[in-house]
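One structure below.
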Amino acid sequence: MKLIHCADIHLSSKINAHLTLEQSKLLRDEIKLSFNKLLAYATTNNIHYILLSGDVFDSDKPFKKDKDFFYEAIKYHQNITFFYLRGNHDDDLNQQELPNLKCFGNEWKSYEIEDNVVITGIELNNNQESLYASLNLDKNKINIVMLHGDIFSTGKDYIDLKKLSGKNIDYLALGHKHTYQQGKIDSRGVYVYPGCLEGRGFDETDEKGFALITVNSLMVNASFVPFSLRKWLIEEFSLSDFHDAYEASRMVISKLKFNKNNLLRIVLKGEVDFDKDAVPALLNNELKGEYFYFEIINQCQEKIDLLAYKNELSLRGEFVREVIADQTINDEDKKQIIMMAFKALNNQEVVDETD
Amino acid sequence: MKLIKCHIENYGMFSNKDYLFSDFNEFNLPNGEGKSTLISFITAMFYGLDGNSKSKFTERKHYSPFNNGLFGGNLIVEKDNKQYRIERFFSRLKQSEDTLKIYENNTLIDISDVGNFLFHVDKESFLRTALFTNEDLEFSPTGNIVSLLGKDLTSISENDLKTSLDKIDEAMKEFKSRGNKGKINNLSLEREDVINKINNLKIIKSSLNTKYSLLDNLSKKEQSFNEQINQYNLLNAKKEAIENAKSKMQEINKLTDEINNINKTYPSLPSEEEFKQIKTLSDEIYDLEKQLYYSTFDKGEELQNLENEFSDKIDFSLIKKDVDEEHLVSSQLKNLNERKIAIQNSDEEKKFRIIDNSQNINELYEKLKDQSATKALKVIKNKKPVIIFLLPILILLSCVGIIICFLMKLTPYNYVFIACAAILLLTFIIILSLNKNRNSEVTFYDGHYDEKEKMLKEALKRQGYDYDDTLYAYASFCRDYQLHVENKTELAKLNTEIESLETQKRELDKTLEFFFSKHFSNGKDYLSLYYQLTSRYEKYLSYSQEKIRIEKERNNLSDKLDNLKLERKKILDNHQLIYDQEILNSAEKAKERIDYLSAELSNKKEDLDIFLNEKGITLDEKIDCPDIVVIQQEFNNISHEKLILVNEISDYEQQLDNLPYLENLNRELKEKIEKSEHTYQLLGITKDYLIKSDNTLKEKYLLPLRQNFDSFIELFKESFKTKLIIDNDFNVLFEKNGELHPFNHLSQGQRCALSLCFRLSLSHQIYGNEFVLLLDDPFVSLDQKNFEESKKIITSLKDLQILYFTCHDSRSIKQK
């Protein structure tokens with residue numbers, strides 16, 4: 001028997017990137033699309049159980065249209081039983097009563113399904129201590145437990161894995177972390193964070209998807225199924241070894257794998273002796289249309305040999321000495337001030353359009 | 001650098017003039033004696049003359065010699081232990097026609113800008129530093145001078161700093177400018193707009209929560225009203241069901257009443273089977289009666305007549321014989337008569353019937369024949385019948401048909417054509433041979449017997465043989481006459497036969513007429529009469545047999561009929577009914593009706609029971625329904641309100657879809673503004689530091705100048721009685737009442753002294769000690785005291801070569 005374990009769908013969650021309004025809306029809509037795809041996957045692969053370990057919605061006051069979407073999806077897939085554990089973002093839902101939607105509450109609740117499998121869950125509240133004590137599972141059953149919280153850091157949503165050890169748990173279906181993680185609870189059971197279905201910013205660049213649980217009489221196995229429509233990527237490049245903006249941009253281009261579905265952040269680093277703003281300009285031209293979205297973080301610094309100006313009897317030299325001597329200005333600003341002055345003295349544009 | 005000597009070829013008022021220069025040269029000359037001309041010449045030797053201008057009175061024009069000699073000369077200078085001879089000659093019109101030669105230690109060298117080569121300054125700078133007049137009190141240095149002042153520094157001109165500062169200002173204006181313009185302001189406005197939108201959306205969001213609650217309440221209310229409506233519907237349905245059941249019950253009662261009524265009328269009714277039986281019996285009875293009715297002999301009268309006719313026995317064979325014989329005789333007679341008529345009506349007979357001139361014609365012919373004449377034999381051919389001409393054509397057509405059939409392989413048809421052709425050919429041959437035998441042969445004598453011939457011809461013509469050829473006419477007559485004779489013979493024969501047959505016929509007619517008159521038959525067609533008679537006899541026999549048969553049949557039918565009637569009566573008696581079709585029909589209908597009603601009643605009762613069970617009601621149950629109109633109205637109102645609310649929520653949610661984007665945008669704008677502010681701040685710092693650095697530098701290279709200036713101006717302290725300074729922009733300022741004021745406020749004399757000190761300071765700074773100072777009566781505006789001080793300054797400049805021009809003794813400076 002197979003089950004799907006997913007969590008942290010965060011319907012209508014905002015996207016943390018400098019996207020246009022249309023892009024932003026599209027990505028948010030794609031989270032729903034991803035959920036629909038998941039249901040289609042279940043139908044196609046004859047999977048009749050889906051565990052939703054919390055944070056289906058992004059807000060404690062989700063939009064009506066999002067709730068309608070969720071409940072309609074459940075209604076439409078009568079052949080799938082959904083085990084829905086609310087998370088920290090799913091409060092106050094006024095859940096609809098649907099025959100194929102199994103919910104949990106403030107006390108442990110169990111549902112027995114086929115093949116001797118029992119699914120038990122509880123929604124975390126302030127009374128954390130009692131929840132471990134009150135968990136009693138039949139050792140002869142295959143026990144899947146659903147929780148939404150953090151097993152790594154203490155806090156409001158902390159789950160103490162040690163206190164769940166020895167509780168006859170075969171599979172701990174967790175939610176809250178947006179990256180797939182797996183580990184052992186004890187000699188019998190494993191815990192799994194399936195991650196989320198779609199990334200929502202450049203802080204979620206790892207693979208997204210869900211966990212596929214395979215249950216047989218002997219054991220419970222889980223495997224990660226990558227499922228996201230798009231990937232968030234960060235690529236860092238050091239340009240210190242280049243003396244030419246064009247060469248530097250070619251190097252960056254050569255290292256990239258274009259994909260119109262993905263979102264890319266390029267971070268340029270290093271000290272350069274050419275116009276540091278030339279590389280982003282070149283890359284902008286090259287990358288147009290090659291990604292769904294891309295941004296360039298230019299952390300390059302132009303090389304200035306400040307020591308050379310130490311004794312120079314010139315306005316530049318005098319300027320550099322004056323600026324360096326000012327203790328109230330930080331080093332980065334000093335560099336920028338010096339570059340501005342040099343550009344001005346060279347009759348160049350003092351500030352770039354990006355500044 | 002020192003001036004050694006010069007030779008003026010032609011320049012202004014000078015012509016072929018030489019001067020030798022020492023360290024101090026005083027030229028005390030009245031006005032118009034060439035002081036300015038010499039200064040101009042020296043300057044022109046170094047820097048040339050500017051181009052001619054149509055509008056201005058230039059030096060070129062001013063000093064252009066009136067004679068036609070060479071305009072120019074040469075000047076010998078010494079610099080760095082080298083002697084340079086400068087030879088320049090000027091065009092009166094164009095600068096491009098000027099010539100220049102420079103000799104370094106008598107070696108021609110290629111230098112175009114002599115002044116710059118010798119002094120490293122341009123003309124303007126030279127004039128501002130080397131030349132001093134009482135008119136030009138310009139203090140400010142040129143850029144050239146400034147750059148020279150900082151010659152130890154990496155070259156920077158005042159224009160470079162200005163350009164740089166302008167660039168920075170320009171950049172700063174991009175960020176901020178007057179009238180709330182600039183990038184920062186634009187970003188701020190944009191951000192403000194975004195924040196407003198966010199705030200609006202937040203308000204919408206907060207109101208959205210209220211709306212969600214309201215929606216929940218409305219949904220609950222709607223649900224409640226829906227339940228009430230459902231409840232009402234249930235009750236109403238129940239009530240309707242009870243009504244329905246009651247109406248069913250009424251129908252049942254109606255049926256029961258009707259059945260009872262029928263039973264009253266018909267206490268006992270035959271069963272369906274019995275009705276069928278009665279009907280069957282009645283149908284059979286009816287059929288039998290019908291059969292009986294139609295089973296009668298309706299030809300009684302006719303049979304009686306035939307019996308009367310055939311009461312006596314008739315020998316039909318004998319009668320037949322007589323009839324046949326009579327018929328034969330009649331036929332024969334007919335044929336004979338026809339033949340007789342045919343003969344009589346033939347063309348030949350017609351001719352001889354009308355006129356029989358045959359004897360005369362024969363006699364005339366005989367007479368002709370007696371005469372000696374050549375026998376002419378003429379064979380008169382009989383006219384050929386038309387068929388003789390048709391048959392060949394038909395035969396030919398048959399042959400064509402045969403050929404076509406063979407060609408087109410129409411096998412059966414070709415035999416047909418062959419047969420036709422054969423028959424036609426045979427017929428043709430027979431007819432041809434018959435026709436041939438009928439030709440006549442006539443012998444004539446050919447000769448002169450016109451008159452007799454004429455008479456013969458006339459006679460023939462009267463007889464109907466009107467031909468040109470007499471012989472032919474006579475031959476035709478002979479032919480026809482022969483036929484006539486033959487016909488006559490045949491006619492006689494025919495008449496005899498006819499008479500005999502007529503006699504025979506009369507006897508037969510008499511017998512037959514008598515016989516048939518007894519049987520009411522008249523007419524002469526005895527054969528026909530005979531057949532009629534036999535026919536009637538057969539009819540007589542047939543009718544007799546039929547009569548017997550019918551009577552037998554009627555007896556059978558009657559017996560059957562009686563039995564059936566008996567059987568029917570038996571059934572009817574059981575139910576006290578008599579046989580009356582109308583009554584029976586009525587009874588049957590009543591039976592049908594009762595059966596139908598009973599079935600209906602049973603069904604309705606069953607339906608009613610089922611209905612009551614299904615609905616869970618009883619007939620005597622009472623239901624009170626609430627006022628649905630009010631409930632429905634409330635429900636509609638709430639539904640409507642809910643719909644509006646749902647639309648509002650949907651609209652709000654759609655608007656709120658933009659909120660994350662706006663929040664991101666707000667953050668982004670904030671970052672941009674902060675970055676821009678920071679950049680703007682840095683630009684300000686950059687600008688300040690540039691200015692500061694510039695001032696610092698200037699301070700460095702202005703110091704010597706200031707020191708020199710201070711040392712020179714010290715001599716005039718009694719005159720100025722105020723502090724004088726040179727600022728970083730080379731402006732000379734004086735202090736008064738704690739404030740610095742520009743030199744323009746000073747008197748001309750004071751400005752003259754200042755100018756002297758300033759220029760001397762500059763010159764000293766730039767040129768050092770090797771320089772020439774050209775003083776063109778510079779002290780005219782000084783009072784005596786200041787003149788003395790100035791004189792001290794001049795005389796103290798021992799290291800400089802001085803050319804002092806004055807026009808008055810009081811202003812003479814005598815070099816020690």
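Numbering starts fresh at 1 for the residues of each chain in the structure tokens, the chains themselves are lettered A, B, ... in the order given, and ligands are numbered from 1 as they appear.
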With chain A as the partner and 8 Å as the cut-off, tabulate the residues of chain B that qualify, each row holding the nearest pair of atoms and their distance in Å to one decimal, using only C-alpha atoms, sorted by chain and rising number, as CSV.
```
residue,atom,partner,partner_atom,distance
B:Asp152,CA,A:Leu313,CA,7.6
B:Leu153,CA,A:Leu313,CA,4.9
B:Thr154,CA,A:Ser314,CA,4.9
B:Ser155,CA,A:Ser314,CA,7.2
B:Ile156,CA,A:Leu315,CA,7.3
B:Asp160,CA,A:Leu345,CA,6.6
B:Leu161,CA,A:Leu345,CA,6.9
B:Thr163,CA,A:Asn347,CA,7.0
B:Ser164,CA,A:Ala344,CA,4.5
B:Leu165,CA,A:Ala344,CA,7.2
B:Lys167,CA,A:Ala344,CA,5.7
B:Ile168,CA,A:Ala344,CA,6.4
B:Ala171,CA,A:Val350,CA,6.5
B:Asn209,CA,A:Lys61,CA,7.3
B:Tyr212,CA,A:Lys64,CA,7.8
B:Ile649,CA,A:Lys64,CA,7.6
B:Ser650,CA,A:Lys65,CA,7.2
B:Glu653,CA,A:Phe63,CA,6.5
B:Asp657,CA,A:Lys25,CA,7.3
B:Asn658,CA,A:Leu21,CA,7.1
B:Pro660,CA,A:Lys14,CA,5.3
B:Tyr661,CA,A:Leu21,CA,6.0
B:Asn664,CA,A:His18,CA,6.8
B:Leu665,CA,A:His18,CA,7.2
B:Glu668,CA,A:His18,CA,7.5
B:Lys675,CA,A:Asp355,CA,7.2
B:Ser676,CA,A:Asp355,CA,6.6
B:Thr679,CA,A:Asp355,CA,7.3
B:Leu682,CA,A:Ile337,CA,5.9
B:Leu683,CA,A:Ile337,CA,7.0
B:Ile685,CA,A:Ile337,CA,7.3
B:Thr686,CA,A:Ile337,CA,5.5
B:Lys687,CA,A:Ala341,CA,7.7
B:Tyr689,CA,A:Phe319,CA,6.2
B:Leu690,CA,A:Phe319,CA,6.0
B:Lys692,CA,A:Phe319,CA,7.9
B:Ser693,CA,A:Phe319,CA,5.1
B:Asp694,CA,A:Leu315,CA,6.0
B:Thr696,CA,A:Glu318,CA,7.6
B:Leu697,CA,A:Leu315,CA,6.8
```
Can you tell me which residues surround B:Glu9 at a distance of at most 8 Å, considering only C-alpha atoms, apart from same-chain residues fewer than 3 positions away, and format the answer as a PyMOL selection string? chain B and resi 14-17+69-74
Taking the backbone alone, and naming residues the way the document does, which bits of stretch 204-321 of chain A are strand (DSSP E or B) by DSSP, as JSON, numbers by chain? {"A": [209, 210, 211, 212, 213, 214, 215, 220, 221, 222, 223, 224, 225, 226, 232, 233, 234, 235, 236, 237, 238, 259, 260, 261, 262, 263, 264, 265, 266, 267, 268, 269, 271, 272, 291, 292, 293, 294, 295, 296, 297, 298, 301, 302]}
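Distance check against B:His327 using only C-alpha atoms: of B:Gln482, B:Gln504, B:Asn647, B:Ser271, the minimum falls on B:Gln504.
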So that I can see what lies close to stretch 809-813 of chain B, please list as an MDAnalysis selection string the residues with an atom at most 10 Å from it, counting only C-alpha atoms and leaving out residues fewer than 4 positions away in the same chain. chainID B and resid 24:30 777:780 782 784 787:788 790:792 794:795 804:805
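Computed from the coordinates, the atom CA of B:Glu641 to atom CA of B:Ser219 distance equals 10.2 Å.
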Which residues in stretch 218-248 of chain A does DSSP call helix (DSSP H, G or I)? List them as a ChimeraX atom specification. /A:245-248
Find the spatial neighbours of stretch 79-87 of chain A, counting only C-alpha atoms, within a cut-off of 9 Å - ignore same-chain residues fewer than 6 positions away - and output them as a PyMOL selection string. chain A and resi 8+39+42-43+47-57+99-105+111+119+121-124+146-149+175-176
Filtering to C-alpha atoms, could you give me those residues as an mmCIF file, in the first residue's frame?
```cif
data_model
loop_
_atom_site.group_PDB
_atom_site.id
_atom_site.type_symbol
_atom_site.label_atom_id
_atom_site.label_comp_id
_atom_site.auth_asym_id
_atom_site.auth_seq_id
_atom_site.Cartn_x
_atom_site.Cartn_y
_atom_site.Cartn_z
ATOM 1 C CA ASP A 8 3.528 23.123 4.155
ATOM 2 C CA LEU A 39 -3.818 14.721 -6.557
ATOM 3 C CA ALA A 42 -2.212 9.962 -6.532
ATOM 4 C CA THR A 43 -5.080 9.073 -8.861
ATOM 5 C CA ILE A 47 -2.806 5.950 -4.127
ATOM 6 C CA HIS A 48 -5.809 6.393 -1.893
ATOM 7 C CA TYR A 49 -4.351 8.169 1.117
ATOM 8 C CA ILE A 50 -2.732 11.557 1.451
ATOM 9 C CA LEU A 51 -1.300 12.877 4.709
ATOM 10 C CA LEU A 52 -1.287 16.666 4.994
ATOM 11 C CA SER A 53 0.965 17.513 7.905
ATOM 12 C CA GLY A 54 -0.027 21.106 8.405
ATOM 13 C CA ASP A 55 0.206 24.567 6.892
ATOM 14 C CA VAL A 56 -2.005 23.881 3.935
ATOM 15 C CA PHE A 57 -2.782 27.579 4.096
ATOM 16 C CA PRO A 99 -16.559 12.042 4.062
ATOM 17 C CA ASN A 100 -13.028 11.719 2.694
ATOM 18 C CA LEU A 101 -11.520 14.409 4.912
ATOM 19 C CA LYS A 102 -10.225 13.175 8.242
ATOM 20 C CA CYS A 103 -9.198 15.832 10.699
ATOM 21 C CA PHE A 104 -7.506 15.948 14.050
ATOM 22 C CA GLY A 105 -7.936 18.016 17.154
ATOM 23 C CA TYR A 111 -8.039 6.340 12.023
ATOM 24 C CA ILE A 119 -2.950 6.984 11.341
ATOM 25 C CA GLY A 121 -2.427 12.770 14.872
ATOM 26 C CA ILE A 122 -2.766 15.709 17.199
ATOM 27 C CA GLU A 123 -2.630 19.457 16.750
ATOM 28 C CA LEU A 124 -0.004 20.974 18.985
ATOM 29 C CA MET A 146 1.212 13.067 12.165
ATOM 30 C CA LEU A 147 2.623 16.181 13.858
ATOM 31 C CA HIS A 148 3.415 19.715 12.817
ATOM 32 C CA GLY A 149 6.379 21.303 14.548
ATOM 33 C CA GLY A 175 5.456 19.179 8.805
ATOM 34 C CA HIS A 176 6.895 22.671 9.377
#
```
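The environment of A:Gly189 within 8 Å, counting only C-alpha atoms and disregarding residues fewer than 6 places along the same chain, consists of Asn168, Ile169, Asp170, Tyr171 and Leu172 of chain A.
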Got time to write the residues from that selection, C-alpha atoms, as a PDB file, in the first residue's frame?
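As a result, part-v3.pdb now contains:
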```
ATOM      1  CA  ASN A 168       5.635   2.130  18.629  1.00  0.00           C
ATOM      2  CA  ILE A 169       5.797   4.746  15.913  1.00  0.00           C
ATOM      3  CA  ASP A 170       6.730   3.334  12.522  1.00  0.00           C
ATOM      4  CA  TYR A 171       6.541   6.596  10.619  1.00  0.00           C
ATOM      5  CA  LEU A 172       6.419  10.119  12.003  1.00  0.00           C
TER       6      LEU A 172
END
```
So that I can see what lies close to B:Leu255, please list as number ranges by chain the residues with an atom at most 10 Å from it, counting only C-alpha atoms and leaving out residues fewer than 6 positions away in the same chain. B: 249, 261, 594, 596-602, 604
